[in-house]
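So this one's work-v2.cif, mmCIF, C-alpha atoms and all ligand atoms:
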data_run
#
loop_
_atom_site.label_atom_id
_atom_site.label_comp_id
_atom_site.auth_asym_id
_atom_site.auth_seq_id
_atom_site.Cartn_x
_atom_site.Cartn_y
_atom_site.Cartn_z
CA MET A 15 -9.74 34.50 28.30
CA ASN A 16 -6.77 36.75 27.47
CA SER A 17 -6.73 39.18 24.60
CA ALA A 18 -4.70 36.90 22.34
CA GLU A 19 -7.31 34.15 22.74
CA ALA A 20 -10.14 36.61 22.26
CA THR A 21 -8.84 37.71 18.88
CA SER A 22 -7.70 34.31 17.56
CA ALA A 23 -9.97 32.64 14.99
CA PRO A 24 -11.82 29.47 16.04
CA LYS A 25 -9.91 26.28 15.10
CA THR A 26 -11.95 25.07 12.17
CA ASP A 27 -8.95 24.36 9.98
CA ALA A 28 -7.94 20.89 11.16
CA PRO A 29 -5.83 19.20 8.49
CA THR A 30 -7.83 16.79 6.37
CA LEU A 31 -6.69 13.94 4.15
CA THR A 32 -8.98 12.33 1.61
CA ILE A 33 -8.52 8.63 0.96
CA ALA A 34 -9.92 6.98 -2.16
CA HIS A 35 -10.36 3.27 -1.46
CA LEU A 36 -10.69 1.57 -4.82
CA TYR A 37 -13.13 -1.32 -5.25
CA PRO A 38 -13.22 -2.60 -1.65
CA GLU A 39 -15.91 -5.14 -2.59
CA LEU A 40 -13.56 -6.82 -5.09
CA LEU A 41 -10.03 -6.25 -3.82
CA ASN A 42 -10.05 -7.20 -0.15
CA LEU A 43 -8.01 -10.38 0.21
CA TYR A 44 -6.70 -11.22 3.68
CA GLY A 45 -8.26 -8.16 5.26
CA ASP A 46 -6.76 -5.52 2.95
CA SER A 47 -9.60 -3.13 3.83
CA GLY A 48 -8.23 -3.09 7.38
CA ASN A 49 -5.47 -0.87 6.01
CA ILE A 50 -8.00 1.94 5.58
CA LEU A 51 -9.16 1.61 9.19
CA VAL A 52 -5.57 1.92 10.37
CA LEU A 53 -4.91 5.03 8.26
CA LYS A 54 -8.15 6.60 9.50
CA LYS A 55 -7.45 5.86 13.17
CA ARG A 56 -3.85 7.03 13.06
CA MET A 57 -4.99 10.29 11.45
CA GLU A 58 -7.80 10.84 13.95
CA TRP A 59 -5.55 10.13 16.93
CA ARG A 60 -3.46 13.08 15.69
CA GLY A 61 -6.35 15.45 15.05
CA ILE A 62 -6.23 14.94 11.29
CA THR A 63 -9.65 14.50 9.67
CA ALA A 64 -9.89 11.39 7.50
CA ASP A 65 -12.35 11.63 4.62
CA VAL A 66 -12.66 8.09 3.24
CA ARG A 67 -14.34 7.68 -0.15
CA GLU A 68 -15.04 4.21 -1.45
CA VAL A 69 -14.90 3.85 -5.22
CA HIS A 70 -17.17 1.11 -6.54
CA VAL A 71 -17.55 -0.61 -9.87
CA GLY A 72 -19.33 1.75 -12.27
CA ASP A 73 -18.17 4.93 -10.47
CA THR A 74 -16.11 7.51 -12.36
CA PRO A 75 -13.74 8.70 -9.66
CA SER A 76 -11.84 11.97 -9.78
CA PHE A 77 -8.43 12.03 -8.12
CA ALA A 78 -8.11 15.82 -8.21
CA ASP A 79 -8.77 16.35 -4.50
CA VAL A 80 -7.57 12.98 -3.26
CA ASP A 81 -4.53 12.63 -0.98
CA ILE A 82 -4.14 8.85 -0.71
CA VAL A 83 -5.33 6.21 -3.19
CA PHE A 84 -5.43 2.64 -1.94
CA ILE A 85 -5.90 -0.59 -3.94
CA GLY A 86 -6.02 -4.03 -2.31
CA GLY A 87 -5.47 -7.50 -3.74
CA GLY A 88 -7.83 -10.08 -5.15
CA SER A 89 -8.26 -13.23 -7.16
CA ASP A 90 -7.32 -13.17 -10.85
CA ARG A 91 -11.00 -12.87 -11.79
CA GLU A 92 -11.62 -9.87 -9.52
CA GLN A 93 -8.33 -8.28 -10.52
CA LYS A 94 -9.33 -8.43 -14.19
CA ILE A 95 -12.73 -6.79 -13.52
CA VAL A 96 -11.00 -3.96 -11.66
CA CYS A 97 -8.32 -3.58 -14.31
CA ASP A 98 -10.94 -3.11 -17.04
CA PHE A 99 -12.52 -0.27 -15.04
CA LEU A 100 -9.25 1.32 -14.01
CA LEU A 101 -7.89 1.36 -17.53
CA GLN A 102 -10.63 3.92 -18.27
CA GLN A 103 -9.07 6.10 -15.53
CA LYS A 104 -5.50 5.49 -16.63
CA ASP A 105 -4.68 9.06 -17.69
CA GLU A 106 -6.12 10.59 -14.56
CA LEU A 107 -4.28 8.12 -12.34
CA LYS A 108 -1.07 8.74 -14.25
CA ALA A 109 -1.44 12.51 -13.74
CA TYR A 110 -2.08 11.91 -10.02
CA VAL A 111 1.06 9.79 -9.63
CA GLU A 112 3.23 12.18 -11.66
CA ASP A 113 2.00 15.01 -9.45
CA GLY A 114 3.31 13.16 -6.37
CA GLY A 115 -0.04 11.64 -5.38
CA VAL A 116 0.29 9.02 -2.66
CA LEU A 117 -0.80 5.55 -3.73
CA GLY A 118 -0.67 2.21 -1.91
CA ALA A 119 -1.26 -1.04 -3.76
CA VAL A 120 -1.22 -4.58 -2.39
CA CYS A 121 -0.62 -7.77 -4.38
CA GLY A 122 -3.24 -7.84 -7.19
CA GLY A 123 -3.36 -4.03 -6.96
CA TYR A 124 0.44 -3.91 -7.06
CA GLN A 125 0.49 -5.98 -10.25
CA LEU A 126 -1.98 -3.53 -11.84
CA LEU A 127 0.49 -0.65 -11.45
CA GLY A 128 2.80 -2.04 -14.09
CA GLU A 129 2.98 -2.27 -17.85
CA SER A 130 1.21 -5.66 -17.91
CA TYR A 131 0.61 -8.85 -15.96
CA LEU A 132 0.15 -12.43 -17.02
CA MET A 133 -3.20 -14.04 -16.24
CA GLY A 134 -3.04 -17.67 -17.32
CA GLU A 135 -1.73 -17.41 -20.87
CA GLU A 136 -3.17 -13.93 -21.39
CA ARG A 137 -0.98 -10.83 -21.01
CA VAL A 138 -3.28 -8.17 -19.58
CA PRO A 139 -2.31 -4.51 -20.04
CA GLY A 140 -1.74 -2.65 -16.79
CA LEU A 141 -2.01 1.00 -15.78
CA GLU A 142 1.62 1.85 -16.63
CA LEU A 143 2.02 3.98 -13.52
CA VAL A 144 5.33 2.38 -12.51
CA ASP A 145 8.01 0.75 -14.65
CA LEU A 146 7.39 -2.89 -13.74
CA TYR A 147 5.68 -5.94 -15.19
CA THR A 148 4.46 -9.26 -13.86
CA ASP A 149 4.90 -12.81 -15.13
CA ARG A 150 3.60 -15.96 -13.51
CA GLY A 151 5.41 -18.83 -11.90
CA THR A 152 4.67 -22.11 -10.21
CA PRO A 153 4.16 -22.98 -7.51
CA ARG A 154 2.26 -20.06 -6.05
CA ILE A 155 4.25 -18.17 -3.46
CA ILE A 156 2.36 -18.63 -0.21
CA GLY A 157 3.43 -17.92 3.36
CA ASN A 158 4.61 -15.41 5.90
CA ILE A 159 7.00 -12.69 4.84
CA ALA A 160 9.28 -10.16 6.54
CA ILE A 161 11.30 -7.45 4.83
CA ARG A 162 13.71 -4.70 5.84
CA SER A 163 12.84 -1.31 4.33
CA ASP A 164 14.34 2.17 4.48
CA ILE A 165 10.90 3.70 5.05
CA CYS A 166 10.55 2.47 8.62
CA GLU A 167 12.60 1.32 11.57
CA HIS A 168 11.02 -2.09 12.21
CA PRO A 169 10.80 -5.04 9.83
CA ILE A 170 7.64 -5.07 7.74
CA VAL A 171 5.79 -8.32 8.38
CA GLY A 172 2.79 -9.99 6.76
CA TYR A 173 1.55 -12.71 4.47
CA GLU A 174 1.96 -13.30 0.74
CA ASN A 175 -0.04 -15.45 -1.69
CA HIS A 176 0.60 -14.83 -5.36
CA GLY A 177 1.18 -16.62 -8.63
CA GLY A 178 2.68 -13.44 -10.09
CA ARG A 179 6.41 -12.73 -10.33
CA THR A 180 7.02 -9.00 -10.51
CA HIS A 181 10.06 -7.46 -12.21
CA LEU A 182 11.08 -3.85 -11.53
CA GLY A 183 12.51 -1.49 -14.14
CA SER A 184 16.03 -0.26 -13.44
CA GLY A 185 14.88 3.13 -12.10
CA VAL A 186 12.38 1.69 -9.62
CA LYS A 187 13.48 0.98 -6.05
CA PRO A 188 12.17 -2.06 -4.24
CA LEU A 189 10.24 -1.40 -1.03
CA GLY A 190 12.71 -3.59 0.79
CA GLU A 191 14.94 -6.59 1.07
CA VAL A 192 13.40 -9.97 1.91
CA LEU A 193 14.39 -11.33 5.34
CA TYR A 194 11.94 -14.22 5.26
CA GLY A 195 9.60 -15.39 2.48
CA GLN A 196 9.83 -14.73 -1.26
CA GLY A 197 8.76 -11.21 -2.27
CA ASN A 198 8.62 -9.96 -5.86
CA ASP A 199 9.86 -13.08 -7.62
CA GLY A 200 11.47 -15.44 -5.10
CA ILE A 201 14.85 -14.89 -6.78
CA THR A 202 16.14 -11.33 -6.48
CA GLY A 203 15.55 -11.06 -2.73
CA PHE A 204 13.57 -7.85 -3.17
CA GLU A 205 10.00 -7.05 -2.28
CA GLY A 206 7.58 -4.40 -3.49
CA CYS A 207 8.31 -1.10 -5.18
CA LEU A 208 8.76 2.54 -4.33
CA TRP A 209 8.29 5.07 -7.09
CA LYS A 210 7.61 8.78 -6.41
CA ASN A 211 4.90 8.49 -3.71
CA VAL A 212 3.71 5.06 -4.87
CA LEU A 213 4.24 2.04 -2.64
CA GLY A 214 3.46 -1.39 -4.08
CA THR A 215 3.83 -4.60 -2.12
CA TYR A 216 2.80 -8.24 -2.02
CA ILE A 217 2.26 -7.99 1.74
CA HIS A 218 -1.28 -8.69 2.96
CA GLY A 219 -2.28 -9.38 6.49
CA PRO A 220 -3.51 -6.59 6.28
CA LEU A 221 -0.29 -4.65 5.85
CA LEU A 222 -0.71 -1.69 8.18
CA PRO A 223 -1.89 -2.86 11.65
CA LYS A 224 1.39 -4.60 12.48
CA ASN A 225 3.50 -2.13 10.53
CA PRO A 226 2.70 1.32 11.95
CA GLY A 227 5.80 2.83 10.35
CA VAL A 228 4.38 2.02 6.91
CA ALA A 229 1.03 3.60 7.84
CA ASP A 230 2.85 6.74 8.95
CA TRP A 231 4.84 6.80 5.70
CA PHE A 232 1.53 7.16 3.80
CA ILE A 233 0.23 9.82 6.17
CA SER A 234 3.41 11.88 6.24
CA ARG A 235 3.88 11.74 2.45
CA ALA A 236 0.26 12.88 1.97
CA LEU A 237 0.56 15.71 4.56
CA GLU A 238 3.78 16.90 2.96
CA ARG A 239 2.27 16.93 -0.53
CA LYS A 240 -0.87 18.75 0.58
CA TYR A 241 0.47 21.20 3.18
CA GLY A 242 4.18 21.44 2.37
CA LYS A 243 7.30 19.97 3.96
CA GLY A 244 7.34 20.35 7.75
CA ALA A 245 4.07 22.33 7.84
CA ILE A 246 2.27 19.69 9.88
CA ALA A 247 4.27 17.59 12.29
CA ILE A 248 3.26 13.96 12.48
CA GLU A 249 3.06 13.30 16.22
CA PRO A 250 4.48 10.00 17.46
CA LEU A 251 1.85 7.57 18.80
CA ASP A 252 2.10 4.87 21.45
CA ASP A 253 2.69 1.83 19.22
CA THR A 254 3.42 -0.64 22.03
CA LYS A 255 0.67 -3.07 20.97
CA GLU A 256 1.31 -2.77 17.24
CA LEU A 257 5.03 -3.36 17.67
CA ALA A 258 4.43 -6.28 20.04
CA ALA A 259 2.31 -7.90 17.31
CA ASN A 260 5.03 -7.14 14.77
CA LYS A 261 7.65 -8.74 17.00
CA VAL A 262 5.61 -11.90 17.67
CA MET A 263 5.28 -12.47 13.95
CA PHE A 264 8.88 -11.62 13.14
CA ASP A 265 10.20 -13.86 15.94
CA ARG A 266 8.00 -16.69 14.69
CA MET A 267 9.56 -16.37 11.24
CA LEU A 268 13.06 -16.29 12.66
CA ALA A 269 12.33 -19.38 14.76
CA SER A 270 10.95 -21.32 11.83
CA ARG A 271 13.98 -20.32 9.72
CA LYS A 272 16.27 -21.69 12.40
CA GLN A 273 14.38 -25.00 12.28
CA GLU A 274 14.74 -25.07 8.48
CA ASP A 275 18.53 -24.46 8.69
N1 LIG A 301 -4.20 -12.76 -8.52
C1 LIG A 301 -2.85 -12.37 -8.22
C2 LIG A 301 -1.84 -13.50 -8.17
O1 LIG A 301 -2.16 -14.61 -7.82
C3 LIG A 301 -2.86 -11.57 -6.93
C4 LIG A 301 -3.31 -12.37 -5.76
C5 LIG A 301 -3.43 -11.55 -4.50
O2 LIG A 301 -3.83 -10.39 -4.50
N2 LIG A 301 -3.11 -12.19 -3.37
O3 LIG A 301 -0.69 -13.30 -8.50
#

Full structure transcribed into structure tokens:
Amino acid sequence: MNSAEATSAPKTDAPTLTIAHLYPELLNLYGDSGNILVLKKRMEWRGITADVREVHVGDTPSFADVDIVFIGGGSDREQKIVCDFLLQQKDELKAYVEDGGVLGAVCGGYQLLGESYLMGEERVPGLELVDLYTDRGTPRIIGNIAIRSDICEHPIVGYENHGGRTHLGSGVKPLGEVLYGQGNDGITGFEGCLWKNVLGTYIHGPLLPKNPGVADWFISRALERKYGKGAIAIEPLDDTKELAANKVMFDRMLASRKQED
């Protein structure tokens, strides 16, 4: 041991990110909870401690020391139950988002971010975290989807199944441009939203295993917010398998589009 090593403090200060996973028992359509496993693994592979906290119905969560909030998708019935609980946390969630808190929301969870969403004939108030709202349309939008987004190099691929049609306010950027499938409303050609450090999307599958660039967007945004820009480098990982899965799915969509043409 040299003198520099002898005097250096033991490494007990590994970076840590806390993930609040909201209502996994209700909002877990098409494997949405798998997104949390991906975030956790990709942090651990880089020596970042992942502290995952599940928030269940009846809990009163605090977002003060949380670095990533994640909400999955669900049926209309489950979405409504969650919305009633989350509306009680609206101010705290709003403060979290305004402070740059990182938040990922899929499908039903994405619809909850807005001013309101239509459930049957009923317009249900949303969390008003992002300037968007959701109507309904028929038929349901069901099928594979691929989009091109500025947040990552590869296309984002997955599966969508929603009756909702989501409309973004003029200041809100879409997550990406639809290459295959329908996205927010089947008309504009846009999918999802990006607002501050909030990412909303209709993409299930789950979203993150085949889209490692999206997973790393969440991790890098959260590290930057907590530790400061450039303080902790996000090491590249070997994504050969993840990107092979991404490519298989993307190629399948391209092939079926060719058949449709
Ligand atoms: N219940 C919502 C809809 O149908 C969301 C569904 C989902 O999360 N897949 O629009």

Around (-9.7, -7.2, -15.3) in the file's own coordinates, what residues are found within 12 Å if you use all atoms listed in the file, given back as a ChimeraX atom specification?
-> /A:40-41,71,88-102,122-123,125-126,130-133,136-141

Compile the contact shell of stretch 151-167 of chain A as a PyMOL selection string: residues with an atom at most 10 Å away, counting only C-alpha atoms, same-chain residues fewer than 2 positions apart removed.
-> chain A and resi 132+148-149+169-179+188-200+203-206+208+216-219+225-231+260+263-264+266-268

Those residues with C-alpha atoms, as a PDB file, in the frame of the given file please?
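Saved result, part_8.pdb, follows:
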ATOM      1  CA  LEU A 132       0.150 -12.430 -17.020  1.00  0.00           C
ATOM      2  CA  THR A 148       4.460  -9.260 -13.860  1.00  0.00           C
ATOM      3  CA  ASP A 149       4.900 -12.810 -15.130  1.00  0.00           C
ATOM      4  CA  PRO A 169      10.800  -5.040   9.830  1.00  0.00           C
ATOM      5  CA  ILE A 170       7.640  -5.070   7.740  1.00  0.00           C
ATOM      6  CA  VAL A 171       5.790  -8.320   8.380  1.00  0.00           C
ATOM      7  CA  GLY A 172       2.790  -9.990   6.760  1.00  0.00           C
ATOM      8  CA  TYR A 173       1.550 -12.710   4.470  1.00  0.00           C
ATOM      9  CA  GLU A 174       1.960 -13.300   0.740  1.00  0.00           C
ATOM     10  CA  ASN A 175      -0.040 -15.450  -1.690  1.00  0.00           C
ATOM     11  CA  HIS A 176       0.600 -14.830  -5.360  1.00  0.00           C
ATOM     12  CA  GLY A 177       1.180 -16.620  -8.630  1.00  0.00           C
ATOM     13  CA  GLY A 178       2.680 -13.440 -10.090  1.00  0.00           C
ATOM     14  CA  ARG A 179       6.410 -12.730 -10.330  1.00  0.00           C
ATOM     15  CA  PRO A 188      12.170  -2.060  -4.240  1.00  0.00           C
ATOM     16  CA  LEU A 189      10.240  -1.400  -1.030  1.00  0.00           C
ATOM     17  CA  GLY A 190      12.710  -3.590   0.790  1.00  0.00           C
ATOM     18  CA  GLU A 191      14.940  -6.590   1.070  1.00  0.00           C
ATOM     19  CA  VAL A 192      13.400  -9.970   1.910  1.00  0.00           C
ATOM     20  CA  LEU A 193      14.390 -11.330   5.340  1.00  0.00           C
ATOM     21  CA  TYR A 194      11.940 -14.220   5.260  1.00  0.00           C
ATOM     22  CA  GLY A 195       9.600 -15.390   2.480  1.00  0.00           C
ATOM     23  CA  GLN A 196       9.830 -14.730  -1.260  1.00  0.00           C
ATOM     24  CA  GLY A 197       8.760 -11.210  -2.270  1.00  0.00           C
ATOM     25  CA  ASN A 198       8.620  -9.960  -5.860  1.00  0.00           C
ATOM     26  CA  ASP A 199       9.860 -13.080  -7.620  1.00  0.00           C
ATOM     27  CA  GLY A 200      11.470 -15.440  -5.100  1.00  0.00           C
ATOM     28  CA  GLY A 203      15.550 -11.060  -2.730  1.00  0.00           C
ATOM     29  CA  PHE A 204      13.570  -7.850  -3.170  1.00  0.00           C
ATOM     30  CA  GLU A 205      10.000  -7.050  -2.280  1.00  0.00           C
ATOM     31  CA  GLY A 206       7.580  -4.400  -3.490  1.00  0.00           C
ATOM     32  CA  LEU A 208       8.760   2.540  -4.330  1.00  0.00           C
ATOM     33  CA  TYR A 216       2.800  -8.240  -2.020  1.00  0.00           C
ATOM     34  CA  ILE A 217       2.260  -7.990   1.740  1.00  0.00           C
ATOM     35  CA  HIS A 218      -1.280  -8.690   2.960  1.00  0.00           C
ATOM     36  CA  GLY A 219      -2.280  -9.380   6.490  1.00  0.00           C
ATOM     37  CA  ASN A 225       3.500  -2.130  10.530  1.00  0.00           C
ATOM     38  CA  PRO A 226       2.700   1.320  11.950  1.00  0.00           C
ATOM     39  CA  GLY A 227       5.800   2.830  10.350  1.00  0.00           C
ATOM     40  CA  VAL A 228       4.380   2.020   6.910  1.00  0.00           C
ATOM     41  CA  ALA A 229       1.030   3.600   7.840  1.00  0.00           C
ATOM     42  CA  ASP A 230       2.850   6.740   8.950  1.00  0.00           C
ATOM     43  CA  TRP A 231       4.840   6.800   5.700  1.00  0.00           C
ATOM     44  CA  ASN A 260       5.030  -7.140  14.770  1.00  0.00           C
ATOM     45  CA  MET A 263       5.280 -12.470  13.950  1.00  0.00           C
ATOM     46  CA  PHE A 264       8.880 -11.620  13.140  1.00  0.00           C
ATOM     47  CA  ARG A 266       8.000 -16.690  14.690  1.00  0.00           C
ATOM     48  CA  MET A 267       9.560 -16.370  11.240  1.00  0.00           C
ATOM     49  CA  LEU A 268      13.060 -16.290  12.660  1.00  0.00           C
TER      50      LEU A 268
END

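What separates atom CA of A:Gly86 from atom CA of A:Cys121 is a distance of 6.9 Å.
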
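Minimum atom-to-atom distances from A:His35, A:Lys224, A:Lys243, A:Lys187 to A:Phe77 were compared using only C-alpha atoms, and the lowest value belongs to A:His35.
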
Pick from A:Pro250, A:Gly242, A:Gly87, A:Gly115 nearest to A:Pro220, counting only C-alpha atoms | A:Gly87
